[in-house]
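Beneath this line is the structure, given in structure tokens, with notes to follow.
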Amino acid sequence: MKRLWFLLLAFCLVLPLATSALAAGDGPPKDMLKGVFTSFDSQARTVVFVKDGTSETLVLTLGEKMTPADVTMNKKVMVSLDKNADGNVMKDISIMFMDMTASKIIALLVVGLIGGLLSGFIGSGGAFVLTPAMMSLGAPGAVAVASNMCHKFPKAMVGAYKRWKYGQVDIKLGLVMAVTAIIGVQIGIKIQKYILHTFGNAGSNLYVSFVFMVVLVLVGGYVLYDAYKLAKGGGETKVSRLAMRMQKINLWPMMEFKVAKVRISAWITIPVGLLTGMLAATIAVGGFIGVPGMIYVIGASAVVASATELIIAFAMGAYGSIQWGLSGLIDIRMTLLILATSLVGVQLGALGTTYVKDYMIKLVMASTMLIVAVSRGALVPGYLADVGLRSALDPALAHTLGQVSFWALVTALASAGIIIGIAMTKGMLAASKETAPRTSAEAVNHG
Amino acid sequence: MKLSQFDKSMVAMAFAEAGEPDTAREFLGGSTGPQKSHSPLTKKKPVLSMLIFGAISISGYVALVSNEDLIMDKFTMGSWYTVLPVGAALIFSFVHGAFSSDLLSVLGLAAKK
């Protein structure tokens, strides 16, 4: 107990420290202006812009490629300025907060439900499809990331609480991982920034997709192989050989994780946490490293690993939400709409884990990771062309690849939802069959 | 004949040893074991709690929609105003999370024991 308090304290200390020390290198883009256009001079191609939260006004000029139709008056907009041009020349305008229509609301509710279900079941997921989904509904990238982040941490909190009640969460392991993951996020952001500055936007996109592909194919492939082996062997889970070897390393400080039933050196948990954070900063889904890391390197079961991941998601999500919130980019309407269904989904997914065997969780995780890898892989040729490593893509091919990418994401979500649904229903039916004869037998005995 | 508590306990023990636990239980406190087991413990479904949390949750949404402009203006001011969206998401999660939990219980979906 004392150790737990110590860890909690350490967590509380590290969080603001890391925030203040690295605040300059984190969060939303700084060369972006937020505010409202108040008047437009079509002859001079200039607009008067009032900065958000202040009465400061600026006169901005429309960029060469922009048309007067791009300017929307009296609505909050985000403006990115052209750094290469003299004066305040605009490069891009996006309306910060889209108008909600019935179809957009329904889309958000559906994606929220399945994202929640996945999150409750495998500990992560949803983020990789929620952000693109919000962007395709018309939200600017930064707003989509911010709103998703703000929905992620309360959802993870509710999921973690539920699974803690089922005795699946190792709070200590979660906190240790969370602290290192937050540091990992900072390292990940530094790498991202370096690549962005050195190779530009296209290089950055290529890097993200490359990491996405490599990690998802390797880890997803291994998890799938393991799930297949377990399913064939009757579903009995054994601690991996790698984890057994890691647990034998007796290097100070040794940590004991009671729920995960693991005693392991902190030096083993640190790299797993760091990589989780780094991946979260790169592809927005740290759980794709965190959960397999806890299973195969630390030696926790899939149930405990996926439940503990929710603590990490909560800590990272809360930290990220504050960062994005400081820039005023959270669209609370989108956040709350997604939460409406994802809170149901996350609890449904959490209780689903009590009905299925360990390998089922691995199977869902692996299939999701592999299909998402296809989605990302479809974008790689386009990015290769952008950085000049191959000739430009034929527009028809580019369109097809875009469609493949989008539908692969939809398939990933739908297939995960279906697998979880079937596994849960089967488990529930088997459980009710088990209890039915027992209660009647009890009644006979007593009668 | 009036039995003292000691007598009752001894009689109960005798019956219990003879393989008659229900009779033993009757002597001890009149608790009727068999009847209890006929009606296995069924948890009361949290219908009222679901309705209350549901009502709070819905009124939250109504407030959001009806004050959309004001909320979107204040919640996106940045700096200390960050407390508003983050706090709203947190409070909403407690209320709507409790509603969802009750909803699943009412629907009969519970974790395997």
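Going through the structure tokens in order, the chains are called A, B, and so on, while each chain numbers its residues from 1 and the ligands are numbered from 1 in the order shown.
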
Residues within 12 Å of B:Phe6, only C-alpha atoms, excluding chain neighbours under 5 positions, as a PDB file with N, CA and C atoms, in the first residue's frame:
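The result, written out as around35.pdb:
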```pdb
ATOM      1  N   VAL B  11     -29.742 -28.769  20.347  1.00  0.00           N
ATOM      2  CA  VAL B  11     -30.670 -29.519  19.491  1.00  0.00           C
ATOM      3  C   VAL B  11     -30.290 -29.319  18.018  1.00  0.00           C
ATOM      4  N   ALA B  12     -29.987 -28.057  17.697  1.00  0.00           N
ATOM      5  CA  ALA B  12     -29.608 -27.749  16.307  1.00  0.00           C
ATOM      6  C   ALA B  12     -28.391 -28.555  15.908  1.00  0.00           C
ATOM      7  N   MET B  13     -27.404 -28.605  16.812  1.00  0.00           N
ATOM      8  CA  MET B  13     -26.186 -29.372  16.515  1.00  0.00           C
ATOM      9  C   MET B  13     -26.510 -30.834  16.256  1.00  0.00           C
ATOM     10  N   PHE B  27     -34.363 -24.496  14.360  1.00  0.00           N
ATOM     11  CA  PHE B  27     -34.183 -24.369  15.802  1.00  0.00           C
ATOM     12  C   PHE B  27     -33.353 -23.152  16.149  1.00  0.00           C
ATOM     13  N   LEU B  28     -32.398 -22.856  15.301  1.00  0.00           N
ATOM     14  CA  LEU B  28     -31.471 -21.760  15.611  1.00  0.00           C
ATOM     15  C   LEU B  28     -32.108 -20.380  15.511  1.00  0.00           C
TER      16      LEU B  28
END
```

Contact check, chain A to chain B, at most 8 Å, counting only C-alpha atoms, closest pairs as a tab-separated table:
```
residue	atom	partner	partner_atom	distance
A:Asp52	CA	B:Met77	CA	7.1
A:Gly53	CA	B:Met77	CA	6.0
A:Cys150	CA	B:Val86	CA	6.5
A:His151	CA	B:Ala89	CA	6.8
A:Pro154	CA	B:Leu90	CA	5.6
A:Lys155	CA	B:Ser93	CA	7.0
A:Val158	CA	B:Gly97	CA	6.6
A:Tyr166	CA	B:Ala111	CA	7.8
A:Ser321	CA	B:Val86	CA	6.9
A:Ile322	CA	B:Thr82	CA	6.5
A:Gly325	CA	B:Thr82	CA	4.7
A:Leu326	CA	B:Gly78	CA	4.4
A:Ser327	CA	B:Gly78	CA	4.7
A:Gly328	CA	B:Thr76	CA	3.9
A:Leu329	CA	B:Thr76	CA	6.0
A:Ile330	CA	B:Thr76	CA	6.6
A:Asp331	CA	B:Met72	CA	7.3
A:Ile332	CA	B:Pro85	CA	6.0
A:Arg333	CA	B:Leu64	CA	7.6
A:Thr335	CA	B:Ala89	CA	7.3
A:Leu336	CA	B:Ala89	CA	6.7
A:Leu339	CA	B:Ser93	CA	7.4
A:Ala340	CA	B:His96	CA	7.0
A:Leu343	CA	B:Gly97	CA	5.7
A:Val344	CA	B:Ser100	CA	5.1
A:Gln347	CA	B:Ser101	CA	6.9
A:Leu348	CA	B:Leu104	CA	7.6
A:Leu351	CA	B:Ala111	CA	4.8
A:Gly352	CA	B:Ala111	CA	7.2
A:Thr354	CA	B:Lys112	CA	5.5
A:Tyr355	CA	B:Lys112	CA	6.1
A:Met428	CA	B:Lys112	CA	7.9
A:Ala431	CA	B:Lys112	CA	7.4
A:Thr439	CA	B:Pro40	CA	7.8
A:Glu442	CA	B:Ser37	CA	7.5
A:Ala443	CA	B:His38	CA	5.9
A:His446	CA	B:Pro34	CA	5.4
A:Gly447	CA	B:Pro34	CA	6.3
```

Give the alpha helix (DSSP H) residues of stretch 83-125 of chain A, as DSSP finds them on the backbone, and put them as an mmCIF file with N, CA, C and O atoms, in the first residue's frame.
```
data_model
loop_
_atom_site.group_PDB
_atom_site.id
_atom_site.type_symbol
_atom_site.label_atom_id
_atom_site.label_comp_id
_atom_site.auth_asym_id
_atom_site.auth_seq_id
_atom_site.Cartn_x
_atom_site.Cartn_y
_atom_site.Cartn_z
ATOM 1 N N ALA A 102 -28.196 15.964 -38.730
ATOM 2 C CA ALA A 102 -28.665 14.678 -38.192
ATOM 3 C C ALA A 102 -27.737 13.535 -38.617
ATOM 4 O O ALA A 102 -27.380 12.676 -37.806
ATOM 5 N N SER A 103 -27.310 13.561 -39.895
ATOM 6 C CA SER A 103 -26.470 12.446 -40.364
ATOM 7 C C SER A 103 -25.112 12.448 -39.671
ATOM 8 O O SER A 103 -24.567 11.395 -39.353
ATOM 9 N N LYS A 104 -24.579 13.634 -39.405
ATOM 10 C CA LYS A 104 -23.287 13.715 -38.712
ATOM 11 C C LYS A 104 -23.426 13.186 -37.288
ATOM 12 O O LYS A 104 -22.558 12.478 -36.779
ATOM 13 N N ILE A 105 -24.558 13.548 -36.656
ATOM 14 C CA ILE A 105 -24.792 13.100 -35.278
ATOM 15 C C ILE A 105 -24.871 11.573 -35.233
ATOM 16 O O ILE A 105 -24.236 10.926 -34.398
ATOM 17 N N ILE A 106 -25.633 10.997 -36.179
ATOM 18 C CA ILE A 106 -25.784 9.534 -36.201
ATOM 19 C C ILE A 106 -24.420 8.869 -36.442
ATOM 20 O O ILE A 106 -24.058 7.907 -35.765
ATOM 21 N N ALA A 107 -23.644 9.420 -37.386
ATOM 22 C CA ALA A 107 -22.322 8.854 -37.682
ATOM 23 C C ALA A 107 -21.448 8.856 -36.432
ATOM 24 O O ALA A 107 -20.794 7.860 -36.110
ATOM 25 N N LEU A 108 -21.457 9.985 -35.697
ATOM 26 C CA LEU A 108 -20.636 10.078 -34.491
ATOM 27 C C LEU A 108 -21.090 9.061 -33.435
ATOM 28 O O LEU A 108 -20.270 8.443 -32.759
ATOM 29 N N LEU A 109 -22.414 8.887 -33.316
ATOM 30 C CA LEU A 109 -22.940 7.953 -32.316
ATOM 31 C C LEU A 109 -22.534 6.513 -32.647
ATOM 32 O O LEU A 109 -22.126 5.760 -31.764
ATOM 33 N N VAL A 110 -22.619 6.153 -33.933
ATOM 34 C CA VAL A 110 -22.284 4.772 -34.336
ATOM 35 C C VAL A 110 -20.796 4.499 -34.121
ATOM 36 O O VAL A 110 -20.405 3.490 -33.507
ATOM 37 N N VAL A 111 -19.950 5.418 -34.594
ATOM 38 C CA VAL A 111 -18.503 5.222 -34.437
ATOM 39 C C VAL A 111 -18.141 5.180 -32.952
ATOM 40 O O VAL A 111 -17.291 4.393 -32.526
ATOM 41 N N GLY A 112 -18.819 6.008 -32.156
ATOM 42 C CA GLY A 112 -18.567 6.042 -30.714
ATOM 43 C C GLY A 112 -18.871 4.713 -30.060
ATOM 44 O O GLY A 112 -18.091 4.218 -29.246
ATOM 45 N N LEU A 113 -19.986 4.106 -30.461
ATOM 46 C CA LEU A 113 -20.401 2.833 -29.845
ATOM 47 C C LEU A 113 -19.361 1.740 -30.126
ATOM 48 O O LEU A 113 -18.914 1.052 -29.203
ATOM 49 N N ILE A 114 -18.966 1.611 -31.392
ATOM 50 C CA ILE A 114 -18.028 0.530 -31.725
ATOM 51 C C ILE A 114 -16.643 0.828 -31.157
ATOM 52 O O ILE A 114 -15.959 -0.064 -30.647
ATOM 53 N N GLY A 115 -16.244 2.101 -31.220
ATOM 54 C CA GLY A 115 -14.951 2.486 -30.635
ATOM 55 C C GLY A 115 -14.924 2.163 -29.150
ATOM 56 O O GLY A 115 -13.927 1.658 -28.624
ATOM 57 N N GLY A 116 -16.032 2.425 -28.455
ATOM 58 C CA GLY A 116 -16.125 2.131 -27.023
ATOM 59 C C GLY A 116 -16.055 0.647 -26.758
ATOM 60 O O GLY A 116 -15.353 0.187 -25.854
ATOM 61 N N LEU A 117 -16.766 -0.110 -27.573
ATOM 62 C CA LEU A 117 -16.804 -1.573 -27.425
ATOM 63 C C LEU A 117 -15.386 -2.141 -27.534
ATOM 64 O O LEU A 117 -14.947 -2.951 -26.723
ATOM 65 N N LEU A 118 -14.672 -1.654 -28.541
ATOM 66 C CA LEU A 118 -13.302 -2.112 -28.784
ATOM 67 C C LEU A 118 -12.398 -1.717 -27.614
ATOM 68 O O LEU A 118 -11.587 -2.512 -27.145
ATOM 69 N N SER A 119 -12.585 -0.496 -27.153
ATOM 70 C CA SER A 119 -11.761 0.012 -26.065
ATOM 71 C C SER A 119 -11.983 -0.807 -24.793
ATOM 72 O O SER A 119 -11.031 -1.154 -24.088
ATOM 73 N N GLY A 120 -13.234 -1.128 -24.492
ATOM 74 C CA GLY A 120 -13.533 -1.907 -23.291
ATOM 75 C C GLY A 120 -13.001 -3.320 -23.398
ATOM 76 O O GLY A 120 -12.646 -3.945 -22.407
ATOM 77 N N PHE A 121 -12.936 -3.834 -24.610
ATOM 78 C CA PHE A 121 -12.559 -5.236 -24.821
ATOM 79 C C PHE A 121 -11.050 -5.426 -24.910
ATOM 80 O O PHE A 121 -10.486 -6.294 -24.261
ATOM 81 N N ILE A 122 -10.377 -4.619 -25.736
ATOM 82 C CA ILE A 122 -8.930 -4.824 -25.907
ATOM 83 C C ILE A 122 -8.103 -3.707 -25.272
ATOM 84 O O ILE A 122 -6.890 -3.709 -25.382
#
```

Just want the 8 Å neighbourhood of B:Val106, counted on only C-alpha atoms, with same-chain residues fewer than 4 positions away dropped. Output as a CSV table (one decimal) with N, CA and C atoms, in the first residue's frame.
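To be explicit, this is the file written out as selection_26.csv:
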```
chain,number,residue,atom,x,y,z
B,45,LYS,N,-33.5,-4.8,-10.2
B,45,LYS,CA,-32.9,-4.0,-11.3
B,45,LYS,C,-33.0,-2.5,-11.0
B,46,PRO,N,-31.9,-1.8,-11.3
B,46,PRO,CA,-31.9,-0.4,-10.9
B,46,PRO,C,-32.6,0.5,-11.9
B,47,VAL,N,-34.0,0.2,-12.0
B,47,VAL,CA,-34.8,1.0,-13.0
B,47,VAL,C,-34.8,2.5,-12.6
B,102,ASP,N,-26.5,1.2,-15.4
B,102,ASP,CA,-27.8,0.8,-15.0
B,102,ASP,C,-28.6,0.2,-16.2
```

Those of stretch 180-288 of chain A in DSSP strand (DSSP E), formatted as a PyMOL selection string: chain A and resi 254-257+262-265

Dump C-alpha atoms for the selected residues as a PDB file, in the first residue's frame?
```pdb
ATOM      1  CA  MET A 254      12.290  -5.043  -8.390  1.00  0.00           C
ATOM      2  CA  MET A 255       8.549  -4.405  -8.513  1.00  0.00           C
ATOM      3  CA  GLU A 256       5.767  -6.713  -7.565  1.00  0.00           C
ATOM      4  CA  PHE A 257       2.458  -6.484  -9.440  1.00  0.00           C
ATOM      5  CA  VAL A 262       4.391 -10.677 -11.856  1.00  0.00           C
ATOM      6  CA  ARG A 263       7.620  -9.727 -10.092  1.00  0.00           C
ATOM      7  CA  ILE A 264       9.860  -7.901 -12.499  1.00  0.00           C
ATOM      8  CA  SER A 265      12.621  -5.308 -12.577  1.00  0.00           C
TER       9      SER A 265
END
```

For stretch 202-248 of chain A versus stretch 296-320 of chain A, which residues have an atom no more than 9 Å away, and what is each residue's nearest atom pair and distance in Å rounded to one decimal, using only C-alpha atoms, chain-then-number order, as CSV?
```
residue,atom,partner,partner_atom,distance
A:Thr237,CA,A:Ser301,CA,7.7
A:Lys238,CA,A:Ser301,CA,8.5
A:Val239,CA,A:Gly299,CA,5.6
A:Ser240,CA,A:Tyr296,CA,5.6
A:Arg241,CA,A:Tyr296,CA,8.1
A:Leu242,CA,A:Val297,CA,6.0
A:Ala243,CA,A:Val297,CA,4.5
A:Met244,CA,A:Gly299,CA,7.1
A:Arg245,CA,A:Val297,CA,8.9
A:Met246,CA,A:Val297,CA,6.9
A:Gln247,CA,A:Ile298,CA,7.3
```

Export of prior selection with N, CA, C and O atoms as a PDB file, in the first residue's frame:
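So the final result, stored in selection.pdb, reads:
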```
ATOM      1  N   THR A 237      -3.640 -20.426 -21.440  1.00  0.00           N
ATOM      2  CA  THR A 237      -2.601 -19.428 -21.657  1.00  0.00           C
ATOM      3  C   THR A 237      -1.369 -19.732 -20.808  1.00  0.00           C
ATOM      4  O   THR A 237      -1.492 -20.073 -19.644  1.00  0.00           O
ATOM      5  N   LYS A 238      -0.204 -19.608 -21.443  1.00  0.00           N
ATOM      6  CA  LYS A 238       1.048 -19.746 -20.678  1.00  0.00           C
ATOM      7  C   LYS A 238       1.785 -18.416 -20.780  1.00  0.00           C
ATOM      8  O   LYS A 238       1.651 -17.694 -21.756  1.00  0.00           O
ATOM      9  N   VAL A 239       2.604 -18.145 -19.758  1.00  0.00           N
ATOM     10  CA  VAL A 239       3.421 -16.935 -19.813  1.00  0.00           C
ATOM     11  C   VAL A 239       4.483 -17.144 -20.889  1.00  0.00           C
ATOM     12  O   VAL A 239       5.072 -18.219 -20.997  1.00  0.00           O
ATOM     13  N   SER A 240       4.702 -16.104 -21.712  1.00  0.00           N
ATOM     14  CA  SER A 240       5.633 -16.267 -22.828  1.00  0.00           C
ATOM     15  C   SER A 240       7.057 -16.524 -22.323  1.00  0.00           C
ATOM     16  O   SER A 240       7.409 -16.136 -21.213  1.00  0.00           O
ATOM     17  N   ARG A 241       7.846 -17.187 -23.186  1.00  0.00           N
ATOM     18  CA  ARG A 241       9.215 -17.516 -22.775  1.00  0.00           C
ATOM     19  C   ARG A 241      10.026 -16.249 -22.533  1.00  0.00           C
ATOM     20  O   ARG A 241      10.834 -16.171 -21.616  1.00  0.00           O
ATOM     21  N   LEU A 242       9.777 -15.234 -23.374  1.00  0.00           N
ATOM     22  CA  LEU A 242      10.501 -13.965 -23.228  1.00  0.00           C
ATOM     23  C   LEU A 242      10.207 -13.357 -21.856  1.00  0.00           C
ATOM     24  O   LEU A 242      11.118 -12.923 -21.140  1.00  0.00           O
ATOM     25  N   ALA A 243       8.906 -13.353 -21.477  1.00  0.00           N
ATOM     26  CA  ALA A 243       8.522 -12.773 -20.184  1.00  0.00           C
ATOM     27  C   ALA A 243       9.145 -13.554 -19.034  1.00  0.00           C
ATOM     28  O   ALA A 243       9.598 -12.959 -18.052  1.00  0.00           O
ATOM     29  N   MET A 244       9.201 -14.889 -19.170  1.00  0.00           N
ATOM     30  CA  MET A 244       9.818 -15.720 -18.121  1.00  0.00           C
ATOM     31  C   MET A 244      11.279 -15.312 -17.930  1.00  0.00           C
ATOM     32  O   MET A 244      11.766 -15.182 -16.816  1.00  0.00           O
ATOM     33  N   ARG A 245      11.951 -15.119 -19.063  1.00  0.00           N
ATOM     34  CA  ARG A 245      13.375 -14.754 -19.011  1.00  0.00           C
ATOM     35  C   ARG A 245      13.535 -13.368 -18.377  1.00  0.00           C
ATOM     36  O   ARG A 245      14.418 -13.128 -17.581  1.00  0.00           O
ATOM     37  N   MET A 246      12.623 -12.445 -18.767  1.00  0.00           N
ATOM     38  CA  MET A 246      12.691 -11.077 -18.231  1.00  0.00           C
ATOM     39  C   MET A 246      12.466 -11.076 -16.719  1.00  0.00           C
ATOM     40  O   MET A 246      13.078 -10.320 -15.994  1.00  0.00           O
ATOM     41  N   GLN A 247      11.536 -11.922 -16.280  1.00  0.00           N
ATOM     42  CA  GLN A 247      11.216 -11.955 -14.845  1.00  0.00           C
ATOM     43  C   GLN A 247      12.380 -12.490 -14.021  1.00  0.00           C
ATOM     44  O   GLN A 247      12.462 -12.253 -12.817  1.00  0.00           O
TER      45      GLN A 247
END
```

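Reported to one decimal place, the separation of atom CA of A:Val185 from atom CA of A:Met278 is 4.8 Å.
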
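Picture a line from atom CA of A:Val380 to atom CA of A:Met32; it runs 27.4 Å.
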
Distance in Å - atom CA of A:Val79 versus atom CA of A:Leu384: 27.9 Å
